Number of protein chains: 2
Amino acid sequence: MEAGQDDGMRIGELAEQAGVNPTTVRYYEDIGVLPEPDRTTAGYRRYSDADVDRLVFVRRSQQLGLHLDEIREILALREQGRRPCRFVVEVATHRLAEIDQRIAAMRCARDELADLLANTEPLDDDAGGYCQLIEHTQTSDG
Amino acid sequence: MEAGQDDGMRIGELAEQAGVNPTTVRYYEDIGVLPEPDRTTAGYRRYSDADVDRLVFVRRSQQLGLHLDEIREILALREQGRRPCRFVVEVATHRLAEIDQRIAAMRCARDELADLLANTEPLDDDAGGYCQLIEHTQTSDG
DNA sequence: CTTGACCTTCCAGCTACTGGACGCCGTACG
DNA sequence: CGTACGGCGTCCAGTAGCTGGAAGGTCAAG
C-alpha cells in the first residue's frame, strides 16, 4: 500500500501534479529554473510539495508570458529572501507591450489570410506566377 | 561602371531586393526552399530576377503564416508544373484555425497580465509564497 | 526470474534563423 | 604592383523551450 510517507515524490509524480512532462522538469533543472533536488541512494530525484508549488509558479508565470530566464531571476530573488514583486511588475509591463505588438501582427496576418480564403476560389487556372492566392494580395509589411 | 549585365546578381543584392539577410538565403538553400543557384568561376552564387520573385514569394507566404516546409512543398509542386492552389487553400485554412487559437490564447494571457498590473500595487509586503502578483490570480488554463 | 514501469544520463532534433571564425575574391586607390 | 576593405565562401554553434531516442539502472509485482 502507499502510505503518506513524507520522503517526497519522484519526478513523474511531481510532473503530473504540476501538469508538465518529466523531461521538462529535468530541463528546468539544467537551466537553473529549478534547483538540484535531493536524490535517493539509487540516484532518483526526490521532490516535496514545496517543489510542486515552485513548479506550478513557473508554469503560471510562463502562461503570463514571462521568459524562463526572467522566472529564474525572480526565483533567485526569492532565494535571497528578497521580494521580487517590483521586478515582476517591470518585466510584466514590458512583456505586456510586446504581447500587444505580437497580437497585432498576428491579427494582421490572420485578416489577410482570411480575406484571401474568402475572396478566392480554389481554381487551378491561375495564369503564371507561383500562386495567385498568395500573389494577388498586397504586401502590407508590419 | 555597372552596366545592366544579365549574368545576374550576387547573394547580397538578391537579399537586399527581397528584404532578407544573405545568411537567410543560404539557409533557405540548405533546407531546400531555394534551389542551388549557378556559381561564378570563383564560387559566388549568381541569381536572376526570377530568383528575387521566388524569394519574395517565400517571404510573402511566411507573412501569411505558412511554414517553410509547406512553402517548400508549394514550390516543389510548381516545379513539377502543377498548380499548388488547392494545396495552398488547404494549408491556409488549417493555418487560419491555428492562428485564431494562438491569438485567443495570447489575448487571454494578455488580459490576465493587464488585470494583474492594473489591480496590484507594486508592494514588497506580500506575505509568503513567491509573488502575490502572480499567485493571487486564478489559473485559467487554455 | 522475468516483466514492465519508471528512473538515470547524454545526445540530437525541432523552427527559423543569426552570428562568429577563418579564409578567398575583386575592386579601388596610391 | 601592392594593399586595404567589403563581400562572399564554408562550417560550426547558439538562440527558446522543450521533446524524443538510446542505453542502461532500479524496483515491485507475479
# chains A, B, ... in the order shown; residues from 1 in each chain; ligands from 1

$ select_by_dssp --residues "segment 15-67 of chain B" --states "alpha helix (DSSP H)" --output "number ranges by chain"
B: 15-18, 22-30, 49-63

$ interface_residues --of "chain D" --to "chain A" --cutoff "9 Å" --atoms "only C-alpha atoms (C1' of nucleotides)" --output "PDB file with C-alpha atoms (C1' of nucleotides), in the first residue's frame"
ATOM      1  C1'  DA D  16      13.853  29.389 -26.719  1.00  0.00           C
ATOM      2  C1'  DG D  17      11.664  25.799 -24.772  1.00  0.00           C
ATOM      3  C1'  DC D  18      11.282  21.956 -24.987  1.00  0.00           C
ATOM      4  C1'  DT D  19      10.826  16.683 -26.962  1.00  0.00           C
ATOM      5  C1'  DG D  25      19.921   1.025 -13.713  1.00  0.00           C
ATOM      6  C1'  DT D  26      16.043   0.235 -10.094  1.00  0.00           C
TER       7       DT D  26
END

$ atom_distance --atom1 "atom C1' of DC17 of chain C" --atom2 "atom C1' of DG14 of chain D"
10.6 Å

$ interface_residues --of "chain C" --to "chain B" --cutoff "9 Å" --atoms "only C-alpha atoms (C1' of nucleotides)" --output "PDB file with C-alpha atoms (C1' of nucleotides), in the first residue's frame"
ATOM      1  C1'  DT C  15      11.675  26.338 -36.077  1.00  0.00           C
ATOM      2  C1'  DA C  16      13.709  29.915 -38.406  1.00  0.00           C
ATOM      3  C1'  DC C  17      17.228  31.976 -38.199  1.00  0.00           C
ATOM      4  C1'  DT C  18      21.707  34.638 -36.582  1.00  0.00           C
ATOM      5  C1'  DC C  24      39.284  33.678 -50.550  1.00  0.00           C
ATOM      6  C1'  DC C  25      37.740  37.237 -54.280  1.00  0.00           C
TER       7       DC C  25
END

$ residues_around --residues "DC8 of chain D" --least-positions-apart "2" --cutoff "12 Å" --atoms "only C-alpha atoms (C1' of nucleotides)" --output "NGL selection string"
(:B and (10-13 or 22-23 or 26 or 39-40 or 42-46)) or (:C and (23-26)) or (:D and (6 or 10))

$ write_last_selection --atoms "C-alpha atoms (C1' of nucleotides)" --output "PDB file, in the first residue's frame"
ATOM      1  CA  ARG B  10      25.202  38.115 -56.095  1.00  0.00           C
ATOM      2  CA  ILE B  11      23.629  36.950 -52.876  1.00  0.00           C
ATOM      3  CA  GLY B  12      23.876  40.352 -51.231  1.00  0.00           C
ATOM      4  CA  GLU B  13      21.858  42.073 -53.923  1.00  0.00           C
ATOM      5  CA  PRO B  22      22.075  36.911 -47.076  1.00  0.00           C
ATOM      6  CA  THR B  23      22.593  34.295 -44.372  1.00  0.00           C
ATOM      7  CA  ARG B  26      21.851  30.378 -47.740  1.00  0.00           C
ATOM      8  CA  ARG B  39      28.087  29.784 -59.430  1.00  0.00           C
ATOM      9  CA  THR B  40      30.745  32.037 -60.877  1.00  0.00           C
ATOM     10  CA  ALA B  42      35.170  31.869 -58.130  1.00  0.00           C
ATOM     11  CA  GLY B  43      32.307  30.049 -56.470  1.00  0.00           C
ATOM     12  CA  TYR B  44      29.982  33.001 -55.889  1.00  0.00           C
ATOM     13  CA  ARG B  45      26.265  32.297 -56.136  1.00  0.00           C
ATOM     14  CA  ARG B  46      24.555  34.030 -59.071  1.00  0.00           C
TER      15      ARG B  46
ATOM     16  C1'  DG C  23      39.936  32.417 -45.466  1.00  0.00           C
ATOM     17  C1'  DC C  24      39.284  33.678 -50.550  1.00  0.00           C
ATOM     18  C1'  DC C  25      37.740  37.237 -54.280  1.00  0.00           C
ATOM     19  C1'  DG C  26      37.520  41.508 -56.500  1.00  0.00           C
TER      20       DG C  26
ATOM     21  C1'  DG D   6      33.975  44.761 -48.245  1.00  0.00           C
ATOM     22  C1'  DT D  10      32.131  27.113 -45.640  1.00  0.00           C
TER      23       DT D  10
END

$ closest_residue --among "B:Glu73, B:Gly8, B:Asp38, B:Ala15" --to "chain A" --atoms "only C-alpha atoms"
B:Glu73

$ closest_residue --among "C:DA28, C:DC10, C:DA5, C:DC22" --to "DA23 of chain D" --atoms "only C-alpha atoms (C1' of nucleotides)"
C:DC10

$ residues_around --residues "DG30 of chain C" --least-positions-apart "3" --cutoff "12 Å" --atoms "only C-alpha atoms (C1' of nucleotides)" --output "list in words"
DC1, DG2, DT3 and DA4 of chain D

$ write_last_selection --atoms "N, CA and C atoms (P, O5', C5', C4', C3', O3' and C1' of nucleotides)" --output "PDB file, in the first residue's frame"
ATOM      1  P    DC D   1      52.228  43.855 -61.864  1.00  0.00           P
ATOM      2  O5'  DC D   1      53.470  44.788 -61.633  1.00  0.00           O
ATOM      3  C5'  DC D   1      54.459  44.944 -60.590  1.00  0.00           C
ATOM      4  C4'  DC D   1      53.952  45.440 -59.259  1.00  0.00           C
ATOM      5  C3'  DC D   1      53.226  44.381 -58.414  1.00  0.00           C
ATOM      6  O3'  DC D   1      53.997  44.146 -57.235  1.00  0.00           O
ATOM      7  C1'  DC D   1      52.045  46.478 -58.395  1.00  0.00           C
ATOM      8  P    DG D   2      53.634  42.986 -56.230  1.00  0.00           P
ATOM      9  O5'  DG D   2      53.070  43.832 -55.007  1.00  0.00           O
ATOM     10  C5'  DG D   2      53.895  44.784 -54.357  1.00  0.00           C
ATOM     11  C4'  DG D   2      53.056  45.601 -53.374  1.00  0.00           C
ATOM     12  C3'  DG D   2      52.323  44.760 -52.315  1.00  0.00           C
ATOM     13  O3'  DG D   2      52.421  45.444 -51.066  1.00  0.00           O
ATOM     14  C1'  DG D   2      50.762  46.070 -53.526  1.00  0.00           C
ATOM     15  P    DT D   3      52.063  44.701 -49.693  1.00  0.00           P
ATOM     16  O5'  DT D   3      50.911  45.573 -49.068  1.00  0.00           O
ATOM     17  C5'  DT D   3      50.763  46.946 -49.447  1.00  0.00           C
ATOM     18  C4'  DT D   3      49.324  47.384 -49.206  1.00  0.00           C
ATOM     19  C3'  DT D   3      48.538  46.523 -48.211  1.00  0.00           C
ATOM     20  O3'  DT D   3      47.727  47.376 -47.441  1.00  0.00           O
ATOM     21  C1'  DT D   3      47.342  46.678 -50.181  1.00  0.00           C
ATOM     22  P    DA D   4      47.566  47.217 -45.856  1.00  0.00           P
ATOM     23  O5'  DA D   4      46.182  47.947 -45.560  1.00  0.00           O
ATOM     24  C5'  DA D   4      45.860  49.170 -46.247  1.00  0.00           C
ATOM     25  C4'  DA D   4      44.407  49.136 -46.705  1.00  0.00           C
ATOM     26  C3'  DA D   4      43.451  48.460 -45.719  1.00  0.00           C
ATOM     27  O3'  DA D   4      42.370  49.346 -45.503  1.00  0.00           O
ATOM     28  C1'  DA D   4      43.126  47.595 -47.884  1.00  0.00           C
TER      29       DA D   4
END

$ select_by_dssp --residues "segment 18-86 of chain A" --states "strand (DSSP E)" --output "list of chain:residue names"
A:Asp38, A:Arg39, A:Arg45, A:Arg46
